[in-house]
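Have a look at the structure below before the remarks.
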Amino acid sequence: MFSFFSCFLLLSLFSSPSNIHARKPPVYMTLNPNNINSSAVKNWHDFVKFQDATKGSLVNGISKLKNYFNKFGYLDAQNITHFTDIYDSNLELAISKYQEKMGLPVTQKLDSRTLSELMSPRCGVPDPPKPPHTTKDYVYFTGRPRWNRNIPMRLTYAFSPQNMITSLSMEDIKGAFKRAFSHWASVIPVTFVESDDYGFADIKIGFYYGDHGDGEAFDGVLGILAHAFTPESGRFHLDAAETWAVDFAAEKADTAVDLESVATHEIGHLMGLAHTDIKEAVMYPSLKPRERKVELKIDDIKGVQSLYGSNPNFRFGSFAESDMSSNGAFDWRVGGERLIRVKWMMVFVVWFCM
Ligand SMILES: [Zn+2]
Ligand SMILES: [Zn+2]
C-alpha cells in the first residue's frame with residue numbers, strides 16, 4: 001500500500017533536479033589586469049570604464065570600442081578611418097548585433113555581461129551575421145568555401161621552419177596539433193597528415209608577433225589569440241606573444257592559453273566553418289585564459305558534416321547524450337521534453353496515491 005511518505009519519495013525522485021538539464025552559469029573573466037604587462041589586455045580591459053555609458057554622450061576613448069566592433073564585423077563603416085568618441089546610434093546598433101550573436105541578453109547597453117565578453121580573449125576572425133530565416137546556429141563563410149577534393153580526403157599540414165615558439169617543446173606542440181586535427185578527423189571523412197614539406201603542405205602553421213604581413217596584426221598577450229583563413233588557403237597563424245600551454249598543471253600563468261583548444265577552433269575555420277553563437281561549441285569566438293574547450297559539440301559536428309559528410313565510423317548516438325547537457329541548442333529542447341515527462345509522471349503518481 002502506498003503511504004503519503006512513499007508518494008512523497010516518488011515525487012521527489014521524479015522531480016529531482018538531476019533529471020532536468022540546466023544551463024551552466026556563465027563564466028566571467030577572473031583575470032587581474034594589474035598583473036599583466038600587455039597593451040592588448042589593458043586596451044580591452046579599458047572597456048570596463050564604459051559600463052552604463054549612455055547614448056548621445058561624449059565618452060572618452062569609446063572610439064576604441066567602435067574599432068573593435070568594426071574589426072569583428074558589427075559596425076558597417078567601410079569608408080570610415082577615424083571614429084569619434086560620441087556614443088551614437090550606430091554604436092548602439094553594433095552593441096545589439098553583438099549581444100545577439102554572442103548569445104547575451106539584448107539590452108542594447110554596455111552592461112557588465114556584455115563588457116565581460118568584450119574583454120575576453122578571442123579569435124581574430126570576424127563574426128559573420130547569422131543568415132536570415134535559418135534555425136541553424138553553425139555558420140559558413142560567404143560563398144560556403146570548402147576543400148574541393150574527392151571524399152575521402154587527405155590534407156597535409158606542416159609547421160613553419162622559421163616561425164615557431166621555444167617555450168614549448170616541438171614534441172608538445174606537435175602532440176597538441178595532432179589531437180586537435182583528430183577531433184575533426186573523427187567526425188568527417190578527412191585525414192590530416194603531418195608533412196615536413198612546408199612549401200607544399202595544404203595547411204601551413206606558424207607563430208607570429210604583431211604585424212606579420214597579412215594585414216591582420218597580432219596584439220600581444222591575450223586579446224586576439226590566433227586566426228586562420230578560409231578554404232583552400234590553409235594559412236594558420238597563432239600569436240607568438242601568448243603563453244601557450246599544453247598542461248595547466250605545469251604552466252601556472254594567469255594568462256596561459258590552451259594550445260589544443262585554439263588549434264581545434266582554428267581548424268574549424270580552415271575547413272570552412274565560421275563563428276557560431278552557441279557558447280559551448282568549439283566554434284564560439286572567445287576562449288577564457290586557462291580554459292580548455294576541445295570536444296566538438298553537436299553544432300560543430302553538424303556544421304562540418306554538412307560540408308564534407310560523415311566519417312563512416314562516426315555515430316551520433318553515443319556522442320549525443322553527453323553533448324546534450326552542455327550544448328545550448330539541444331539543452332533546452334531535451335530539457336523541455338524531460339520536464340514534460342517528469343510532469344506527467346508526477347500527475348500519474350498523485351493519481352495513483354489518491
Ligand atoms: Zn575563430
Ligand atoms: Zn596572420
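By convention in this document, the chains of the C-alpha cells carry letters A, B, ... by their order, each chain's residues are numbered from 1, and ligands are numbered from 1 in the order they are shown.
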Worksheet entry | Asp247 in chain A environment, 10 Å, only C-alpha atoms, sequence neighbours closer than 2 positions dropped, as a VMD selection string | chain A and resid 172 244 to 245 249 to 252 256 to 260 290
Suppose we keep N, CA and C atoms; can you now write the selection as a PDB file, in the first residue's frame?
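Below is the file that was written, part.pdb:
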ATOM      1  N   ASP A 172      55.679  18.599 -27.699  1.00  0.00           N
ATOM      2  CA  ASP A 172      54.424  19.039 -27.069  1.00  0.00           C
ATOM      3  C   ASP A 172      53.537  19.772 -28.082  1.00  0.00           C
ATOM      4  N   TRP A 244      51.470  30.023 -24.416  1.00  0.00           N
ATOM      5  CA  TRP A 244      50.789  28.813 -24.896  1.00  0.00           C
ATOM      6  C   TRP A 244      51.047  27.664 -23.929  1.00  0.00           C
ATOM      7  N   ALA A 245      50.016  26.886 -23.651  1.00  0.00           N
ATOM      8  CA  ALA A 245      50.143  25.802 -22.676  1.00  0.00           C
ATOM      9  C   ALA A 245      49.567  24.508 -23.244  1.00  0.00           C
ATOM     10  N   ALA A 249      48.813  22.207 -15.294  1.00  0.00           N
ATOM     11  CA  ALA A 249      49.498  21.862 -14.041  1.00  0.00           C
ATOM     12  C   ALA A 249      50.953  22.323 -14.111  1.00  0.00           C
ATOM     13  N   ALA A 250      51.518  22.310 -15.314  1.00  0.00           N
ATOM     14  CA  ALA A 250      52.912  22.736 -15.478  1.00  0.00           C
ATOM     15  C   ALA A 250      53.017  24.231 -15.756  1.00  0.00           C
ATOM     16  N   GLU A 251      52.025  24.827 -16.394  1.00  0.00           N
ATOM     17  CA  GLU A 251      52.050  26.257 -16.752  1.00  0.00           C
ATOM     18  C   GLU A 251      51.051  26.994 -15.861  1.00  0.00           C
ATOM     19  N   LYS A 252      51.576  27.747 -14.888  1.00  0.00           N
ATOM     20  CA  LYS A 252      50.713  28.350 -13.856  1.00  0.00           C
ATOM     21  C   LYS A 252      50.245  29.772 -14.202  1.00  0.00           C
ATOM     22  N   ALA A 256      47.782  31.975 -19.306  1.00  0.00           N
ATOM     23  CA  ALA A 256      48.053  30.799 -20.143  1.00  0.00           C
ATOM     24  C   ALA A 256      46.848  30.479 -21.033  1.00  0.00           C
ATOM     25  N   VAL A 257      47.150  30.099 -22.266  1.00  0.00           N
ATOM     26  CA  VAL A 257      46.101  29.779 -23.245  1.00  0.00           C
ATOM     27  C   VAL A 257      46.329  28.349 -23.729  1.00  0.00           C
ATOM     28  N   ASP A 258      45.268  27.564 -23.754  1.00  0.00           N
ATOM     29  CA  ASP A 258      45.397  26.157 -24.126  1.00  0.00           C
ATOM     30  C   ASP A 258      45.580  26.000 -25.637  1.00  0.00           C
ATOM     31  N   LEU A 259      46.736  25.482 -26.019  1.00  0.00           N
ATOM     32  CA  LEU A 259      47.074  25.382 -27.444  1.00  0.00           C
ATOM     33  C   LEU A 259      46.116  24.457 -28.197  1.00  0.00           C
ATOM     34  N   GLU A 260      45.793  23.329 -27.615  1.00  0.00           N
ATOM     35  CA  GLU A 260      44.915  22.372 -28.313  1.00  0.00           C
ATOM     36  C   GLU A 260      43.523  22.985 -28.552  1.00  0.00           C
ATOM     37  N   ARG A 290      43.212  29.924 -19.466  1.00  0.00           N
ATOM     38  CA  ARG A 290      43.192  28.685 -18.680  1.00  0.00           C
ATOM     39  C   ARG A 290      41.909  27.863 -18.909  1.00  0.00           C
TER      40      ARG A 290
END
Discussion item. Please return as a list in words the residues found within 8 Å of ligand 2, counting only C-alpha atoms and all ligand atoms.
Written reply: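 Here is the list of contacting residues: Tyr208, His212, Gly213, Asp214, Gly215, Glu216, Ala217, Phe218, Ala226, His227, Ala228, Arg235, Phe236, His237 and Leu238 of chain A.
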Worksheet entry | Nearest-residue call for ligand 1, choices A:Ala263, A:Leu168, A:Val221, A:Leu296, using only C-alpha atoms and all ligand atoms |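 The answer is A:Ala263, which sits nearest to ligand 1.
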Enumerate as a short mmCIF file (atom, residue, chain, number, x, y, z; two decimals) with N, CA and C atoms, in the first residue's frame the residues within 6 Å of ligand 1, counting only C-alpha atoms and all ligand atoms.
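Saved as selection_35.cif:
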data_model
loop_
_atom_site.label_atom_id
_atom_site.label_comp_id
_atom_site.auth_asym_id
_atom_site.auth_seq_id
_atom_site.Cartn_x
_atom_site.Cartn_y
_atom_site.Cartn_z
N CYS A 123 39.33 34.82 -30.96
CA CYS A 123 39.88 34.57 -32.29
C CYS A 123 39.84 35.86 -33.10
N VAL A 125 39.31 36.13 -36.31
CA VAL A 125 38.43 36.06 -37.49
C VAL A 125 37.12 36.78 -37.16
N GLU A 266 40.62 26.86 -34.67
CA GLU A 266 41.12 27.40 -35.96
C GLU A 266 41.01 26.37 -37.09
N HIS A 275 32.05 31.56 -37.17
CA HIS A 275 31.73 31.55 -35.74
C HIS A 275 30.25 31.28 -35.47
N PRO A 285 33.47 32.33 -30.68
CA PRO A 285 34.70 33.10 -30.93
C PRO A 285 35.65 33.31 -29.75
#
Worksheet entry | All strand (DSSP E) residues (DSSP, backbone) inside range 145-184 of chain A, as a ChimeraX atom specification | /A:153-159
Discussion item. Can you measure CA of Pro121 in chain A to CA of Asp202 in chain A for me? One decimal in Å is fine.
Written reply: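 A separation of 27.7 Å between them.
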Worksheet entry | A:Glu242, A:Asp299, A:Asp211, A:Asp277 ranked by distance to Lys97 in chain A, top pick (using only C-alpha atoms) | A:Asp277
Quick one: residues within 9 Å of Tyr138 in chain A, only C-alpha atoms counted, chain neighbours fewer than 6 positions away excluded, as a PDB file with N, CA and C atoms, in the first residue's frame?
ATOM      1  N   LYS A 130      24.313  36.017 -38.680  1.00  0.00           N
ATOM      2  CA  LYS A 130      23.561  34.782 -38.950  1.00  0.00           C
ATOM      3  C   LYS A 130      22.684  35.016 -40.177  1.00  0.00           C
ATOM      4  N   LEU A 273      34.176  26.474 -41.486  1.00  0.00           N
ATOM      5  CA  LEU A 273      33.180  26.928 -40.520  1.00  0.00           C
ATOM      6  C   LEU A 273      33.515  28.334 -40.019  1.00  0.00           C
ATOM      7  N   ALA A 274      32.480  29.173 -39.901  1.00  0.00           N
ATOM      8  CA  ALA A 274      32.646  30.498 -39.297  1.00  0.00           C
ATOM      9  C   ALA A 274      32.197  30.406 -37.835  1.00  0.00           C
ATOM     10  N   HIS A 275      32.052  31.560 -37.169  1.00  0.00           N
ATOM     11  CA  HIS A 275      31.729  31.546 -35.735  1.00  0.00           C
ATOM     12  C   HIS A 275      30.250  31.279 -35.470  1.00  0.00           C
ATOM     13  N   THR A 276      30.000  30.415 -34.514  1.00  0.00           N
ATOM     14  CA  THR A 276      28.633  30.104 -34.095  1.00  0.00           C
ATOM     15  C   THR A 276      28.245  30.996 -32.905  1.00  0.00           C
ATOM     16  N   ASP A 277      26.945  31.036 -32.585  1.00  0.00           N
ATOM     17  CA  ASP A 277      26.530  31.762 -31.375  1.00  0.00           C
ATOM     18  C   ASP A 277      26.236  30.807 -30.220  1.00  0.00           C
ATOM     19  N   ILE A 278      26.585  29.512 -30.391  1.00  0.00           N
ATOM     20  CA  ILE A 278      26.421  28.547 -29.282  1.00  0.00           C
ATOM     21  C   ILE A 278      27.661  28.627 -28.399  1.00  0.00           C
ATOM     22  N   MET A 283      33.336  26.358 -32.043  1.00  0.00           N
ATOM     23  CA  MET A 283      33.399  27.478 -32.988  1.00  0.00           C
ATOM     24  C   MET A 283      32.851  28.794 -32.431  1.00  0.00           C
ATOM     25  N   ASP A 299      26.636  21.187 -32.627  1.00  0.00           N
ATOM     26  CA  ASP A 299      26.616  22.308 -33.565  1.00  0.00           C
ATOM     27  C   ASP A 299      27.842  22.284 -34.490  1.00  0.00           C
ATOM     28  N   ASP A 300      29.035  22.039 -33.901  1.00  0.00           N
ATOM     29  CA  ASP A 300      30.266  21.957 -34.702  1.00  0.00           C
ATOM     30  C   ASP A 300      30.184  20.788 -35.687  1.00  0.00           C
ATOM     31  N   LYS A 302      27.519  19.034 -36.830  1.00  0.00           N
ATOM     32  CA  LYS A 302      26.532  19.174 -37.910  1.00  0.00           C
ATOM     33  C   LYS A 302      27.037  20.144 -38.973  1.00  0.00           C
ATOM     34  N   GLY A 303      27.681  21.216 -38.537  1.00  0.00           N
ATOM     35  CA  GLY A 303      28.204  22.211 -39.476  1.00  0.00           C
ATOM     36  C   GLY A 303      29.240  21.612 -40.409  1.00  0.00           C
ATOM     37  N   VAL A 304      30.223  20.919 -39.850  1.00  0.00           N
ATOM     38  CA  VAL A 304      31.316  20.406 -40.687  1.00  0.00           C
ATOM     39  C   VAL A 304      30.844  19.209 -41.516  1.00  0.00           C
TER      40      VAL A 304
END
Item to complete: Might you pull out every residue within 12 Å of Tyr68 in chain A, with only C-alpha atoms counted and same-chain residues fewer than 4 positions away left off, and present them as number ranges by chain?
Response: A: 40, 43-44, 47, 61-64, 72-77, 83, 91, 94-95, 98, 118-119, 122, 124, 126-127, 223-224
Practice prompt. Check the smallest atom-to-atom distance from each of A:Gly317, A:Gly220, A:Gly143, A:Pro312 to Val187 in chain A using only C-alpha atoms, then report the winner.
Written response: A:Pro312
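Residues in contact with Ile301 in chain A at up to 9 Å, not including ones fewer than 4 positions away on its chain and judged by only C-alpha atoms, are Trp184, Val187, Ile188, Leu296, Lys297, Gln305, Ser306 and Ser310 of chain A.
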Prev. selection, C-alpha atoms, output as a PDB file, in the first residue's frame:
ATOM      1  CA  TRP A 184      37.725  16.831 -36.649  1.00  0.00           C
ATOM      2  CA  VAL A 187      33.615  13.099 -37.495  1.00  0.00           C
ATOM      3  CA  ILE A 188      34.326  13.730 -41.221  1.00  0.00           C
ATOM      4  CA  LEU A 296      33.318  19.129 -30.647  1.00  0.00           C
ATOM      5  CA  LYS A 297      29.663  19.844 -29.881  1.00  0.00           C
ATOM      6  CA  GLN A 305      29.429  17.262 -41.746  1.00  0.00           C
ATOM      7  CA  SER A 306      27.127  19.253 -43.996  1.00  0.00           C
ATOM      8  CA  SER A 310      30.172  11.964 -42.020  1.00  0.00           C
TER       9      SER A 310
END
Fill in: Point-to-point distance from CA of Ile165 in chain A to CA of Lys288 in chain A, Å rounded to tenths
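So the answer is 21.1 Å.
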Discussion item. Report, in Å to a single decimal, how far apart CA of Gly175 in chain A and CA of Ser233 in chain A are.
Written reply: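 Distance between the two atoms: 23.3 Å.
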Worksheet item: So which residues of range 35-276 of chain A fall under helix (DSSP H, G or I) by DSSP, listed as number ranges by chain?
Response: A: 35, 39-50, 62-71, 89-101, 112-118, 170-185, 198-200, 259-271
Worksheet item: Which one is closest to Met170 in chain A: A:Met102, A:Ile151, A:Leu110, A:Val246? Count only C-alpha atoms.
Response: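 For Met170 in chain A, the nearest of the given residues is A:Val246.
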Do you know which residues are at most 7 Å from Ser160 in chain A counting only C-alpha atoms, after dropping those on the same chain fewer than 5 positions away, and could you put them as a compact mmCIF listing (two decimals) with C-alpha atoms, in the first residue's frame?
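And here's around.txt as it stands now:
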# COMPACT_ATOMS: atom_id res chain seq x y z
CA TYR A 198 56.18 23.29 -45.52
CA LYS A 204 50.73 25.93 -43.04
CA ILE A 205 51.07 26.59 -39.28
CA GLY A 206 53.21 29.36 -37.75
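Compared by their closest atoms to His183 in chain A, and using only C-alpha atoms, the residues A:Asn90, A:Thr54, A:Thr166, A:Thr264 rank with A:Thr264 nearest.
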Practice prompt. Return the single residue from A:Gly210, A:Pro131, A:Pro289, A:Pro145 that is closest to Asp254 in chain A, with distances computed using only C-alpha atoms.
Written response: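 Checking each candidate against Asp254 in chain A, we get A:Pro289 as the closest.
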